[in-house]
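Chemist: To be precise about what I am sending: the file is called final-v6.txt and holds compact mmCIF, C-alpha atoms.
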```
# COMPACT_ATOMS: atom_id res chain seq x y z
CA MET J 3 30.20 -30.40 43.17
CA THR J 4 30.24 -27.47 45.57
CA ARG J 5 27.70 -24.67 45.53
CA GLU J 6 30.30 -22.22 44.30
CA ALA J 7 31.32 -24.49 41.44
CA ALA J 8 27.67 -25.03 40.43
CA LEU J 9 27.00 -21.28 40.55
CA THR J 10 30.13 -20.58 38.49
CA LEU J 11 29.08 -23.19 35.91
CA MET J 12 25.55 -21.76 35.67
CA LEU J 13 26.87 -18.22 35.25
CA ALA J 14 29.31 -19.37 32.57
CA VAL J 15 26.50 -21.09 30.64
CA ALA J 16 24.30 -17.98 30.96
CA VAL J 17 27.10 -15.70 29.73
CA LEU J 18 27.79 -18.10 26.84
CA LEU J 19 24.10 -18.15 25.81
CA ILE J 20 23.81 -14.36 25.97
CA GLY J 21 27.00 -14.06 23.97
CA LEU J 22 25.70 -16.46 21.30
CA MET J 23 22.42 -14.51 21.05
CA ALA J 24 24.29 -11.22 20.68
CA TRP J 25 26.60 -12.76 18.06
CA GLY J 26 23.59 -14.11 16.12
CA TRP J 27 21.84 -10.73 16.13
CA TRP J 28 25.08 -9.00 15.08
CA ARG J 29 25.42 -11.40 12.11
CA ARG J 30 21.75 -10.88 11.17
CA SER J 31 22.22 -7.09 11.37
CA ARG J 32 25.27 -7.31 9.08
CA ARG J 33 23.38 -9.54 6.63
CA ASP J 34 20.45 -7.09 6.47
CA ALA J 35 22.51 -3.87 6.63
CA GLY J 36 21.42 -2.88 3.12
CA LEU J 37 17.74 -2.93 4.05
CA ALA J 38 16.05 0.09 5.59
CA ALA J 39 12.41 0.90 6.13
CA PRO J 40 11.17 3.82 4.02
CA ALA J 41 10.97 6.36 6.85
CA GLY J 42 8.96 9.50 6.30
CA ASP J 43 5.48 10.90 6.20
CA PHE J 44 2.85 10.15 3.60
CA PRO J 45 2.34 12.77 0.85
CA ALA J 46 0.64 16.00 1.93
CA ASP J 47 -2.24 15.45 -0.49
CA ALA J 48 -2.91 11.88 0.76
CA HIS J 49 -6.06 11.23 2.77
CA VAL J 50 -6.13 8.86 5.74
CA LEU J 51 -8.86 6.31 5.04
CA SER J 52 -8.62 4.31 8.27
CA GLY J 53 -6.42 3.60 11.26
CA PHE J 54 -5.84 0.30 13.02
CA PRO J 55 -4.13 0.28 16.44
CA GLY J 56 -2.43 -2.94 17.39
CA LEU J 57 0.84 -4.81 17.41
CA TYR J 58 3.51 -4.77 14.72
CA VAL J 59 4.87 -8.32 14.87
CA ALA J 60 7.81 -8.61 12.46
CA THR J 61 9.19 -8.17 8.98
CA THR J 62 10.44 -11.37 7.39
CA ALA J 63 11.87 -12.58 4.11
CA HIS J 64 9.04 -12.95 1.59
CA GLY J 65 7.47 -16.38 1.87
CA ASP J 66 9.59 -17.31 4.90
CA ALA J 67 7.61 -16.35 8.00
CA LEU J 68 10.30 -17.72 10.32
CA ASN J 69 13.20 -15.64 8.95
CA ARG J 70 13.11 -12.28 10.76
CA LEU J 71 14.95 -9.44 9.05
CA ALA J 72 16.91 -6.83 11.01
CA VAL J 73 15.46 -3.94 8.99
CA LYS J 74 16.28 -0.52 10.40
CA GLY J 75 13.03 0.84 11.82
CA LEU J 76 11.25 -2.53 11.71
CA ALA J 77 13.60 -4.88 13.57
CA PHE J 78 11.60 -5.27 16.78
CA ARG J 79 8.02 -6.00 17.76
CA SER J 80 6.18 -2.88 18.81
CA ARG J 81 2.79 -1.39 19.59
CA GLY J 82 1.60 1.09 17.03
CA THR J 83 -0.98 2.11 14.47
CA VAL J 84 -1.35 1.14 10.84
CA LEU J 85 -2.73 4.09 8.85
CA VAL J 86 -4.23 3.24 5.47
CA THR J 87 -4.14 6.22 3.12
CA ASP J 88 -5.09 6.57 -0.51
CA ALA J 89 -1.34 6.76 -1.30
CA GLY J 90 -0.09 3.79 0.74
CA VAL J 91 0.29 2.43 4.24
CA ALA J 92 1.92 4.32 7.11
CA LEU J 93 3.22 2.61 10.25
CA ASP J 94 3.38 4.65 13.43
CA LEU J 95 5.38 2.40 15.75
CA ALA J 96 6.31 3.29 19.31
CA GLY J 97 9.87 4.58 19.51
CA SER J 98 10.45 4.67 15.74
CA PRO J 99 9.98 7.26 13.03
CA ARG J 100 6.93 6.83 10.80
CA VAL J 101 7.39 4.27 8.03
CA PHE J 102 5.49 4.87 4.79
CA VAL J 103 5.04 2.11 2.23
CA ALA J 104 3.81 3.71 -1.00
CA ALA J 105 1.03 1.90 -2.86
CA SER J 106 3.41 1.34 -5.78
CA ARG J 107 5.62 -0.80 -3.49
CA ILE J 108 2.80 -3.04 -2.25
CA VAL J 109 2.76 -6.52 -3.78
CA GLU J 110 0.04 -8.32 -1.81
CA VAL J 111 -2.01 -8.23 1.35
CA ALA J 112 -3.28 -11.40 3.01
CA GLN J 113 -4.04 -12.99 6.34
CA ALA J 114 -1.66 -15.31 8.19
CA THR J 115 -1.53 -17.48 11.28
CA VAL J 116 2.22 -17.67 11.98
CA ALA J 117 5.03 -15.12 12.00
CA ILE J 118 8.45 -15.66 13.60
CA ASP J 119 7.47 -15.56 17.30
CA ARG J 120 3.72 -15.23 17.10
CA VAL J 121 1.16 -17.99 16.52
CA VAL J 122 -2.46 -16.88 16.66
CA GLU J 123 -5.86 -18.20 15.72
CA ARG J 124 -6.37 -18.98 12.04
CA ASP J 125 -5.93 -15.81 9.95
CA GLY J 126 -5.35 -13.65 13.04
CA LEU J 127 -2.49 -11.66 11.48
CA THR J 128 -2.42 -9.33 8.49
CA ARG J 129 0.54 -9.89 6.14
CA LEU J 130 1.64 -7.00 3.92
CA SER J 131 4.07 -8.02 1.16
CA TRP J 132 6.01 -5.06 -0.26
CA HIS J 133 9.19 -4.08 -2.08
CA ILE J 134 11.80 -2.83 0.39
CA THR J 135 14.20 -2.43 -2.55
CA ASP J 136 13.54 -2.70 -6.26
CA ASP J 137 14.38 -6.41 -6.26
CA THR J 138 13.63 -7.48 -2.65
CA VAL J 139 10.15 -8.27 -1.36
CA VAL J 140 9.49 -8.60 2.37
CA ASP J 141 6.46 -9.54 4.46
CA SER J 142 5.39 -7.39 7.41
CA TYR J 143 2.92 -8.80 9.94
CA PHE J 144 0.39 -6.91 12.06
CA ARG J 145 -2.06 -7.95 14.78
CA PRO J 146 -4.91 -5.40 14.93
CA GLN J 147 -6.21 -4.70 18.42
CA ASP J 148 -9.82 -3.55 18.06
CA THR J 149 -10.79 -5.25 14.82
CA SER J 150 -10.04 -8.36 12.81
CA ALA J 151 -7.01 -8.99 10.64
CA ARG J 152 -9.47 -9.41 7.78
CA ALA J 153 -10.73 -5.82 8.22
CA LEU J 154 -7.17 -4.48 7.95
CA ALA J 155 -6.48 -6.63 4.87
CA VAL J 156 -9.71 -5.43 3.23
CA ALA J 157 -8.77 -1.79 3.94
CA ILE J 158 -5.35 -2.23 2.27
CA GLU J 159 -6.58 -4.39 -0.62
CA PRO J 160 -7.60 -1.48 -2.95
CA LEU J 161 -3.98 -0.26 -2.85
CA VAL J 162 -2.63 -3.53 -4.27
CA PRO J 163 -1.83 -3.14 -7.97
CA ALA J 164 -4.39 -4.96 -10.15
CA HIS J 165 -6.44 -5.54 -6.97
CA ALA J 166 -5.03 -9.01 -6.40
CA PRO J 167 -7.44 -11.00 -4.20
CA THR J 168 -6.72 -11.31 -0.49
CA GLY J 169 -5.59 -14.86 0.31
CA THR J 170 -4.77 -16.78 3.44
CA ASP J 171 -1.78 -18.65 4.85
CA ALA J 172 -1.88 -21.85 6.85
```
Transcribe the structure of this file into structure tokens.
Modeler:
Amino acid sequence: MTREAALTLMLAVAVLLIGLMAWGWWRRSRRDAGLAAPAGDFPADAHVLSGFPGLYVATTAHGDALNRLAVKGLAFRSRGTVLVTDAGVALDLAGSPRVFVAASRIVEVAQATVAIDRVVERDGLTRLSWHITDDTVVDSYFRPQDTSARALAVAIEPLVPAHAPTGTDA
């Protein structure tokens, strides 16, 4: 095989792989088109209780940490800050409008080890389970920068209806 033929073959494979990735993301975006993050600020009378800078990892289907959702406003990993208020949780992510998850939407908060493209030490992620629609629950994962995932989970825990205990994932 000549150099030119090998180069042409390698370029064709690269273009095919990029095309397949784009096609896969397009299909995922179509599948999740009905899901959108609740963009907006927290209520004016809400008080910020704590802030946690770090990394927003992903939002996945509830109970399926390897199934990333293409949710508008939460589709990509990003640096940002999780603000815990007495009315809910606000996400200030780089390049995106603020996302506010009202306390009434929160289902559970726990710690996790694995989320789509991130594997960390045991319980190194905080998992927030919440209703994105009335009948759809999703899990959003965060990796706090200056504190533990446990500290973030403990800060959110009082917002969980009936104060469900914080658990862990394997």
Chemist: Would you please work out which residue, of J:Asp88, J:Asp66, J:Asp137, J:Asp94, is nearest to Asp43 in chain J when using all atoms listed in the file?
Modeler: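 For Asp43 in chain J, the nearest of the given residues is J:Asp94.
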Chemist: One number please: CA of Ala41 in chain J to CA of Leu76 in chain J, in Å, one decimal.
Modeler: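 Between CA of Ala41 in chain J and CA of Leu76 in chain J the gap is 10.1 Å.
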Chemist: May I ask for the distance between CA of Val73 in chain J and CA of Thr61 in chain J, given in Å to one decimal place?
Modeler: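 About the pair CA of Val73 in chain J and CA of Thr61 in chain J: they are 7.6 Å apart.
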Chemist: Distance table requested - range 46-135 of chain J against range 21-30 of chain J, cut-off 10 Å, all atoms listed in the file: one row per qualifying residue with the closest atom pair and its distance in Å to one decimal, ordered by chain and rising residue number, as a tab-separated table.
Modeler:
```
residue	atom	partner	partner_atom	distance
J:Arg70	CA	J:Arg30	CA	8.8
J:Leu71	CA	J:Arg30	CA	7.3
J:Ala72	CA	J:Arg30	CA	6.3
J:Val73	CA	J:Arg30	CA	9.6
```
Chemist: With only C-alpha atoms as the atoms that count, which of J:Asp125, J:Ser131, J:Val162, J:Ala117 lies nearest to Ala105 in chain J?
Modeler: J:Val162
Chemist: What is the CA of Ser80 in chain J-CA of Gly97 in chain J distance in Å, reported with one decimal?
Modeler: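 It comes out at 8.4 Å.
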Chemist: Which is closest to Gln147 in chain J among J:Arg81, J:Lys74, J:Ala7, J:Asp47, if we use all atoms listed in the file?
Modeler: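 Among J:Arg81, J:Lys74, J:Ala7, J:Asp47, it is J:Arg81 that comes nearest to Gln147 in chain J.
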Chemist: With all atoms listed in the file as the counted atoms, please give the residues lying no more than 12 Å from Ala67 in chain J, apart from itself and same-chain residues fewer than 3 positions off, as a ChimeraX atom specification.
Modeler: /J:59-64,70-71,114-121,127,129-131,140-143,171-172
Chemist: Could you tell me which of J:Phe144, J:Phe44, J:Tyr58, J:Phe78 comes closest to Val91 in chain J if we count all atoms listed in the file?
Modeler: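 The closest residue to Val91 in chain J is J:Phe44.
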Chemist: Edge lengths and centre in Å to one decimal, as lines of an AutoDock Vina configuration file, is what I'm after for the box along x, y and z that holds all listed atoms of range 103-109 of chain J once 5 Å is added on each side.
Modeler:
```
center_x = 3.3
center_y = -1.4
center_z = -1.8
size_x = 14.6
size_y = 20.2
size_z = 18.0
```
Chemist: Write out as an NGL selection string which residues come within 12 Å of Ile108 in chain J when counting all atoms listed in the file, dropping same-chain ones fewer than 6 positions away.
Modeler: :J and (89-92 or 102 or 129-136 or 138-142 or 158-166)
Chemist: Could you please take those selected residues and save C-alpha atoms as an mmCIF file, in the coordinates of the input?
Modeler:
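Contents of part.cif, as written:
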```cif
data_model
loop_
_atom_site.group_PDB
_atom_site.id
_atom_site.type_symbol
_atom_site.label_atom_id
_atom_site.label_comp_id
_atom_site.auth_asym_id
_atom_site.auth_seq_id
_atom_site.Cartn_x
_atom_site.Cartn_y
_atom_site.Cartn_z
ATOM 1 C CA ALA J 89 -1.340 6.760 -1.300
ATOM 2 C CA GLY J 90 -0.090 3.790 0.740
ATOM 3 C CA VAL J 91 0.290 2.430 4.240
ATOM 4 C CA ALA J 92 1.920 4.320 7.110
ATOM 5 C CA PHE J 102 5.490 4.870 4.790
ATOM 6 C CA ARG J 129 0.540 -9.890 6.140
ATOM 7 C CA LEU J 130 1.640 -7.000 3.920
ATOM 8 C CA SER J 131 4.070 -8.020 1.160
ATOM 9 C CA TRP J 132 6.010 -5.060 -0.260
ATOM 10 C CA HIS J 133 9.190 -4.080 -2.080
ATOM 11 C CA ILE J 134 11.800 -2.830 0.390
ATOM 12 C CA THR J 135 14.200 -2.430 -2.550
ATOM 13 C CA ASP J 136 13.540 -2.700 -6.260
ATOM 14 C CA THR J 138 13.630 -7.480 -2.650
ATOM 15 C CA VAL J 139 10.150 -8.270 -1.360
ATOM 16 C CA VAL J 140 9.490 -8.600 2.370
ATOM 17 C CA ASP J 141 6.460 -9.540 4.460
ATOM 18 C CA SER J 142 5.390 -7.390 7.410
ATOM 19 C CA ILE J 158 -5.350 -2.230 2.270
ATOM 20 C CA GLU J 159 -6.580 -4.390 -0.620
ATOM 21 C CA PRO J 160 -7.600 -1.480 -2.950
ATOM 22 C CA LEU J 161 -3.980 -0.260 -2.850
ATOM 23 C CA VAL J 162 -2.630 -3.530 -4.270
ATOM 24 C CA PRO J 163 -1.830 -3.140 -7.970
ATOM 25 C CA ALA J 164 -4.390 -4.960 -10.150
ATOM 26 C CA HIS J 165 -6.440 -5.540 -6.970
ATOM 27 C CA ALA J 166 -5.030 -9.010 -6.400
#
```
Chemist: Which residue out of J:Ala112, J:Val101, J:Ala14, J:Leu9 has the minimum interatomic distance to Val84 in chain J when all atoms listed in the file are used?
Modeler: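 Among J:Ala112, J:Val101, J:Ala14, J:Leu9, it is J:Val101 that comes nearest to Val84 in chain J.
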